[in-house]
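Structure file entry-v9.cif (mmCIF, C-alpha atoms) is printed below.
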```
data_structure
#
loop_
_atom_site.label_atom_id
_atom_site.label_comp_id
_atom_site.auth_asym_id
_atom_site.auth_seq_id
_atom_site.Cartn_x
_atom_site.Cartn_y
_atom_site.Cartn_z
CA LEU A 1 -52.43 -79.61 46.44
CA ILE A 2 -52.79 -76.53 48.65
CA SER A 3 -54.20 -78.43 51.61
CA GLY A 4 -51.09 -80.64 51.67
CA LEU A 5 -48.55 -77.83 51.98
CA LYS A 6 -46.16 -77.74 54.93
CA PRO A 7 -46.02 -74.76 57.34
CA THR A 8 -42.51 -73.96 56.04
CA ASP A 9 -43.81 -73.67 52.44
CA ARG A 10 -44.94 -70.47 50.76
CA PHE A 11 -47.57 -70.35 48.03
CA ASN A 12 -49.81 -68.21 45.87
CA VAL A 13 -52.80 -68.81 43.58
CA LEU A 14 -53.53 -67.23 40.21
CA LEU A 15 -56.83 -68.15 38.56
CA PHE A 16 -57.16 -67.55 34.84
CA SER A 17 -59.83 -67.83 32.17
CA GLY A 18 -60.69 -64.81 30.02
CA GLY A 19 -58.80 -62.71 32.59
CA SER A 20 -56.88 -63.56 35.75
CA ALA A 21 -57.20 -63.04 39.50
CA LEU A 22 -54.43 -63.23 42.08
CA LEU A 23 -54.78 -64.36 45.69
CA ALA A 24 -51.98 -62.09 46.98
CA GLU A 25 -49.28 -59.82 45.59
CA GLU A 26 -46.58 -61.99 47.17
CA SER A 27 -46.41 -65.59 48.32
CA LEU A 28 -48.05 -66.43 51.63
CA SER A 29 -46.84 -68.80 54.33
CA ALA A 30 -48.85 -72.04 54.33
CA THR A 31 -50.68 -71.45 57.61
CA ARG A 32 -54.16 -72.88 58.15
CA GLU A 33 -55.59 -69.39 57.84
CA HIS A 34 -53.93 -68.75 54.48
CA ILE A 35 -54.84 -72.21 53.15
CA SER A 36 -58.50 -71.65 54.09
CA ARG A 37 -58.37 -68.25 52.44
CA ALA A 38 -56.95 -69.78 49.24
CA ILE A 39 -59.57 -72.54 49.07
CA SER A 40 -62.36 -69.99 49.58
CA PHE A 41 -60.78 -67.86 46.83
CA ILE A 42 -60.88 -70.82 44.42
CA ASP A 43 -64.39 -71.96 45.42
CA GLY A 44 -65.73 -68.43 45.07
CA ARG A 45 -64.90 -68.03 41.40
CA GLN A 46 -66.27 -69.62 38.26
CA GLY A 47 -64.36 -70.01 35.02
CA GLY A 48 -65.70 -68.28 31.93
CA GLY A 49 -64.55 -66.92 28.61
CA GLY A 50 -61.39 -68.09 26.88
CA THR A 51 -58.35 -69.80 28.33
CA GLU A 52 -55.85 -66.92 28.31
CA LEU A 53 -52.79 -68.98 29.22
CA LEU A 54 -49.95 -66.72 28.06
CA PRO A 55 -50.96 -63.60 30.06
CA ALA A 56 -51.43 -65.80 33.14
CA LEU A 57 -47.98 -67.40 32.72
CA ARG A 58 -46.35 -63.99 32.29
CA ARG A 59 -48.12 -62.63 35.38
CA ALA A 60 -47.11 -65.65 37.46
CA LEU A 61 -43.48 -65.53 36.36
CA ALA A 62 -43.32 -61.79 37.09
CA LEU A 63 -44.33 -62.24 40.74
CA GLN A 64 -41.55 -61.53 43.20
CA ARG A 65 -39.85 -64.71 44.37
CA ALA A 66 -38.33 -65.40 47.74
CA ARG A 67 -34.54 -65.51 47.62
CA ASP A 68 -32.68 -68.80 47.92
CA CYS A 69 -35.81 -70.92 47.61
CA SER A 70 -36.79 -73.68 45.22
CA ARG A 71 -39.73 -72.23 43.30
CA THR A 72 -42.32 -74.41 41.57
CA LEU A 73 -45.01 -73.25 39.16
CA VAL A 74 -48.00 -75.58 38.79
CA VAL A 75 -50.24 -75.01 35.75
CA ALA A 76 -53.67 -76.68 35.86
CA THR A 77 -55.83 -76.35 32.75
CA ASP A 78 -57.81 -78.30 30.17
CA GLY A 79 -55.42 -76.71 27.66
CA TYR A 80 -57.98 -75.61 25.07
CA VAL A 81 -55.68 -72.98 23.58
CA SER A 82 -53.92 -72.47 20.26
CA VAL A 83 -50.71 -70.95 21.62
CA GLU A 84 -48.72 -74.10 22.31
CA GLU A 85 -45.48 -72.93 20.69
CA GLU A 86 -45.69 -69.47 22.27
CA ALA A 87 -46.17 -71.12 25.68
CA PHE A 88 -43.15 -73.40 25.11
CA ASP A 89 -41.02 -70.40 24.12
CA LEU A 90 -42.10 -68.42 27.18
CA ILE A 91 -41.22 -71.32 29.47
CA ARG A 92 -37.83 -71.90 27.78
CA ARG A 93 -36.95 -68.20 28.14
CA ASN A 94 -37.75 -68.35 31.86
CA LEU A 95 -36.22 -71.71 32.71
CA GLY A 96 -34.17 -70.24 35.53
CA GLN A 97 -37.21 -68.71 37.24
CA ALA A 98 -39.13 -71.78 38.40
CA ASN A 99 -39.70 -75.50 38.11
CA LEU A 100 -42.85 -76.19 36.13
CA PHE A 101 -45.35 -79.02 36.40
CA ALA A 102 -48.44 -79.23 34.22
CA PHE A 103 -51.78 -80.73 35.24
CA GLY A 104 -54.21 -81.45 32.42
CA ILE A 105 -57.71 -81.70 33.89
CA GLY A 106 -60.88 -82.69 32.04
CA SER A 107 -62.37 -85.31 29.75
CA GLY A 108 -60.69 -83.90 26.62
CA VAL A 109 -57.26 -82.60 27.71
CA ASN A 110 -54.91 -80.99 25.17
CA ARG A 111 -52.10 -83.48 25.80
CA HIS A 112 -49.78 -81.80 23.30
CA LEU A 113 -49.79 -78.62 25.39
CA ILE A 114 -49.61 -80.30 28.81
CA GLU A 115 -46.87 -82.76 27.89
CA GLY A 116 -44.96 -80.11 25.91
CA MET A 117 -44.96 -77.60 28.79
CA ALA A 118 -43.70 -80.27 31.16
CA HIS A 119 -41.07 -81.51 28.69
CA VAL A 120 -39.62 -78.04 28.08
CA ARG A 121 -39.04 -77.65 31.82
CA LYS A 122 -38.06 -81.28 32.52
CA GLY A 123 -41.13 -81.59 34.69
CA GLU A 124 -43.68 -84.36 34.70
CA PRO A 125 -47.12 -84.02 33.08
CA PHE A 126 -50.11 -85.10 35.15
CA ILE A 127 -53.29 -85.97 33.25
CA ILE A 128 -56.52 -86.22 35.26
CA THR A 129 -59.54 -87.26 33.19
CA ASN A 130 -61.91 -88.08 36.04
CA PRO A 131 -62.24 -86.92 39.68
CA GLU A 132 -61.32 -90.33 41.11
CA GLU A 133 -57.74 -89.92 39.82
CA ALA A 134 -57.14 -86.52 41.44
CA ALA A 135 -56.06 -87.58 44.95
CA ASP A 136 -53.48 -90.12 43.75
CA LYS A 137 -52.00 -87.73 41.18
CA ALA A 138 -51.83 -84.91 43.74
CA GLU A 139 -50.05 -87.16 46.23
CA ARG A 140 -47.55 -88.33 43.60
CA PHE A 141 -46.82 -84.69 42.77
CA ARG A 142 -46.37 -83.79 46.44
CA ARG A 143 -43.85 -86.60 46.91
CA LEU A 144 -41.96 -85.49 43.82
CA ILE A 145 -41.40 -81.89 44.96
CA ALA A 146 -41.26 -82.50 48.73
CA SER A 147 -37.45 -82.66 48.92
CA PRO A 148 -35.60 -80.09 46.78
CA MET A 149 -31.85 -80.79 47.07
CA LEU A 150 -30.23 -78.16 44.83
CA THR A 151 -31.53 -74.97 43.24
CA GLN A 152 -30.00 -72.31 40.92
CA VAL A 153 -28.20 -75.17 39.15
CA LYS A 154 -25.53 -74.25 36.60
CA LEU A 155 -23.35 -76.38 34.34
CA SER A 156 -20.12 -74.93 32.91
CA VAL A 157 -17.68 -76.55 30.50
CA HIS A 158 -13.93 -75.87 30.63
CA GLY A 159 -11.16 -77.09 28.35
CA PHE A 160 -13.09 -78.76 25.55
CA ASP A 161 -15.68 -77.95 22.87
CA ALA A 162 -19.21 -79.01 23.89
CA TYR A 163 -22.29 -78.02 21.90
CA ASP A 164 -25.99 -78.81 21.33
CA ILE A 165 -26.46 -79.10 25.10
CA GLU A 166 -29.98 -79.77 26.39
CA PRO A 167 -31.60 -78.48 28.51
CA GLU A 168 -30.52 -74.85 28.13
CA ASN A 169 -31.08 -74.39 31.86
CA ILE A 170 -31.08 -77.14 34.47
CA PRO A 171 -34.14 -77.50 36.71
CA ASP A 172 -33.84 -77.93 40.46
CA VAL A 173 -32.50 -81.23 41.72
CA LEU A 174 -35.26 -83.09 43.58
CA SER A 175 -34.74 -86.27 45.58
CA ASP A 176 -36.17 -88.29 42.68
CA ARG A 177 -34.80 -86.08 39.87
CA PRO A 178 -31.03 -85.89 39.32
CA VAL A 179 -29.11 -83.61 36.95
CA ILE A 180 -29.39 -85.05 33.42
CA VAL A 181 -27.73 -83.16 30.57
CA PHE A 182 -27.41 -84.26 26.95
CA GLY A 183 -24.79 -82.81 24.62
CA LYS A 184 -22.10 -83.46 22.03
CA TRP A 185 -18.40 -82.59 21.87
CA ARG A 186 -15.66 -82.07 19.28
CA GLY A 187 -11.94 -82.71 19.46
CA VAL A 188 -10.19 -84.14 22.50
CA ALA A 189 -12.25 -84.99 25.59
CA GLN A 190 -10.33 -83.17 28.29
CA GLY A 191 -10.94 -80.45 30.84
CA THR A 192 -13.78 -80.31 33.37
CA LEU A 193 -17.52 -80.12 33.77
CA THR A 194 -18.54 -78.02 36.77
CA VAL A 195 -21.94 -78.35 38.43
CA SER A 196 -22.83 -75.61 40.93
CA GLY A 197 -25.90 -74.52 42.84
CA LEU A 198 -27.40 -73.75 46.21
CA THR A 199 -28.32 -76.29 48.88
CA GLY A 200 -30.09 -75.77 52.19
CA GLU A 201 -26.65 -75.49 53.79
CA GLY A 202 -25.05 -73.09 51.32
CA ARG A 203 -23.19 -73.08 48.02
CA PHE A 204 -22.39 -76.33 46.21
CA ARG A 205 -19.78 -77.04 43.52
CA GLN A 206 -18.51 -80.25 41.97
CA ASP A 207 -15.81 -80.52 39.29
CA ILE A 208 -15.78 -83.60 37.06
CA ALA A 209 -12.57 -84.41 35.18
CA VAL A 210 -13.67 -85.36 31.67
CA ASP A 211 -10.51 -87.27 30.74
CA ALA A 212 -10.90 -89.46 33.84
CA VAL A 213 -14.01 -91.05 32.29
CA LYS A 214 -13.19 -93.44 29.46
CA PRO A 215 -15.73 -94.04 26.67
CA SER A 216 -17.32 -97.47 26.85
CA SER A 217 -19.07 -99.47 24.15
CA ALA A 218 -21.66 -100.31 26.81
CA ASN A 219 -22.79 -96.66 26.57
CA ASP A 220 -23.55 -96.63 22.84
CA ALA A 221 -27.20 -95.93 23.65
CA LEU A 222 -26.29 -92.40 24.82
CA ARG A 223 -26.20 -91.09 21.24
CA TYR A 224 -29.76 -92.35 20.72
CA LEU A 225 -30.92 -90.79 23.98
CA TRP A 226 -29.46 -87.46 22.85
CA ALA A 227 -31.20 -87.80 19.47
CA ARG A 228 -34.49 -88.76 21.11
CA GLU A 229 -34.28 -85.68 23.36
CA ARG A 230 -33.65 -83.40 20.38
CA ILE A 231 -36.43 -84.98 18.29
CA ALA A 232 -38.89 -84.61 21.20
CA LEU A 233 -38.05 -80.91 21.42
CA LEU A 234 -38.54 -80.41 17.68
CA ALA A 235 -41.79 -82.38 17.79
CA ASP A 236 -43.15 -80.10 20.51
CA TYR A 237 -42.73 -77.23 18.06
CA ASN A 238 -44.21 -79.26 15.16
CA LEU A 239 -40.90 -78.99 13.28
#
```
Translate this file's structure into structure tokens.
Amino acid sequence: LISGLKPTDRFNVLLFSGGSALLAEESLSATREHISRAISFIDGRQGGGGTELLPALRRALALQRARDCSRTLVVATDGYVSVEEEAFDLIRRNLGQANLFAFGIGSGVNRHLIEGMAHVRKGEPFIITNPEEAADKAERFRRLIASPMLTQVKLSVHGFDAYDIEPENIPDVLSDRPVIVFGKWRGVAQGTLTVSGLTGEGRFRQDIAVDAVKPSSANDALRYLWARERIALLADYNL
């Protein structure tokens, strides 16, 4: 993943097992020198002890972020931990801080953790059970995050009563990942939905007139999609 970064990207590396080690106190530009330094940093350490995921996540999320950038957090682990629900809560509480993608690596990956972390953040889980799969999965991930279109995305509702909206915070818009929000409403469908955020060229805002969109029987499946989304969230928490 690191060797495929563009010169305009910035990155950092945090290695965790029983403790954690950080490449740099702030993100580095993806120059050849810094990439070589990062690969040497990874090659020079050996994992040992427990998999202390929560302290590592907190440390990563606390790092200073560059302003007006799309920030992505990549978690790579076998996932042998017993703190799934605590990890999901931590990610949900910090949804506005970073996109999150989870890589499960090893012959016996904890899929519940990897898929749950990705689901909470609307990211995609990547499961790698043998070395031959790594290059293809890494390339698919690079393509996915290569073109961020909108960051700091917000949805606001005006003029009608909407509730049970998922996700609580909207992840960045990528070229292959649009804004998808599930919710319900009471009363009369009127007013506006406003989507706002930050593009590479400045602020973005779009107002959608709710009463201009007429319900259609062809969209009956939406209620099941909302229910499936809610059930998946509850299942992640074993509820």
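Distances here use only C-alpha atoms; by that measure, the residue among A:Pro148, A:Arg230, A:Ala134, A:Ala209 closest to A:Gly183 is A:Arg230.
What the PyMOL selection byres ((chain A and resi 102) around 8) grabs from this file is Val74, Val75, Ala76, Leu100, Phe101, Phe103, Gly104, Ile114, Glu115, Met117, Ala118, Gly123, Glu124, Pro125 and Phe126 of chain A.
Residue nearest A:Glu86, chosen from A:Arg111, A:Arg37, A:Arg58, A:Arg10 and counting only C-alpha atoms: A:Arg58.
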Can you list what the PyMOL selection byres ((chain A and resi 53-55) around 12) grabs from this structure, as number ranges by chain? A: 14-21, 49-52, 56-62, 75-91, 113-114, 117
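Nearest residue to A:Leu5 among A:Asn99, A:Thr194, A:Gln206, A:Ser29 is A:Ser29, counting all atoms listed in the file.
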Test item: which residues lie within 9 Å of (-52.9, -76.2, 47.0) counting all atoms listed in the file, as a PDB file with C-alpha atoms, in the coordinates of the input:
```pdb
ATOM      1  CA  LEU A   1     -52.430 -79.610  46.440  1.00  0.00           C
ATOM      2  CA  ILE A   2     -52.790 -76.530  48.650  1.00  0.00           C
ATOM      3  CA  SER A   3     -54.200 -78.430  51.610  1.00  0.00           C
ATOM      4  CA  GLY A   4     -51.090 -80.640  51.670  1.00  0.00           C
ATOM      5  CA  LEU A   5     -48.550 -77.830  51.980  1.00  0.00           C
ATOM      6  CA  PHE A  11     -47.570 -70.350  48.030  1.00  0.00           C
ATOM      7  CA  ASN A  12     -49.810 -68.210  45.870  1.00  0.00           C
ATOM      8  CA  VAL A  13     -52.800 -68.810  43.580  1.00  0.00           C
ATOM      9  CA  ILE A  35     -54.840 -72.210  53.150  1.00  0.00           C
ATOM     10  CA  ALA A  38     -56.950 -69.780  49.240  1.00  0.00           C
ATOM     11  CA  ILE A  39     -59.570 -72.540  49.070  1.00  0.00           C
TER      12      ILE A  39
END
```
Leaving out A:Asp164 and any residue of its chain fewer than 3 positions from it, which residues lie within 12 Å of it when counting only C-alpha atoms, given as a ChimeraX atom specification? /A:161,167-168,181-186,226-227,229-230
Among listed residues A:Cys69, A:Lys6, A:Leu234, A:Leu225, nearest A:Gly200 (using only C-alpha atoms): A:Cys69
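Nearest-residue note for A:Gly191: choosing from A:Ser216, A:Ser156, A:Ser175, A:Asn130, the minimum distance belongs to A:Ser156, counting all atoms listed in the file.
A straight line drawn from atom CA of A:Leu233 to atom CA of A:Pro178 is 19.9 Å long.
You will find atom CA of A:Val210 at 24.3 Å from atom CA of A:Met149.
Of the residues listed (A:Ile165, A:Val120, A:Val109, A:Leu150), A:Leu150 shows the shortest atom-to-atom separation from A:Val179; distances use all atoms listed in the file.
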Residues matched by the PyMOL selection byres ((chain A and resi 198) around 8), written as a PyMOL selection string: chain A and resi 68+150-153+196-197+199-204
C-alpha atoms of the current selection, written as a PDB file, keeping the file's coordinate frame:
```pdb
ATOM      1  CA  ASP A  68     -32.680 -68.800  47.920  1.00  0.00           C
ATOM      2  CA  LEU A 150     -30.230 -78.160  44.830  1.00  0.00           C
ATOM      3  CA  THR A 151     -31.530 -74.970  43.240  1.00  0.00           C
ATOM      4  CA  GLN A 152     -30.000 -72.310  40.920  1.00  0.00           C
ATOM      5  CA  VAL A 153     -28.200 -75.170  39.150  1.00  0.00           C
ATOM      6  CA  SER A 196     -22.830 -75.610  40.930  1.00  0.00           C
ATOM      7  CA  GLY A 197     -25.900 -74.520  42.840  1.00  0.00           C
ATOM      8  CA  THR A 199     -28.320 -76.290  48.880  1.00  0.00           C
ATOM      9  CA  GLY A 200     -30.090 -75.770  52.190  1.00  0.00           C
ATOM     10  CA  GLU A 201     -26.650 -75.490  53.790  1.00  0.00           C
ATOM     11  CA  GLY A 202     -25.050 -73.090  51.320  1.00  0.00           C
ATOM     12  CA  ARG A 203     -23.190 -73.080  48.020  1.00  0.00           C
ATOM     13  CA  PHE A 204     -22.390 -76.330  46.210  1.00  0.00           C
TER      14      PHE A 204
END
```
Taking (-11.5, -83.2, 30.2) as a centre in this file's frame and 9 Å as the limit, can you find every polymer residue with an atom that close, using all atoms listed in the file, and give them as an MDAnalysis selection string? chainID A and resid 158:160 188:193 208:213
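Note that the spacing between atom CA of A:Ile180 and atom CA of A:Ala98 amounts to 17.2 Å.
Excluding A:Ser147 and any residue on its chain fewer than 4 positions from it, the residues at most 10 Å away by all atoms listed in the file are A:Ser70, A:Arg142, A:Arg143, A:Val173, A:Leu174, A:Ser175, A:Asp176.
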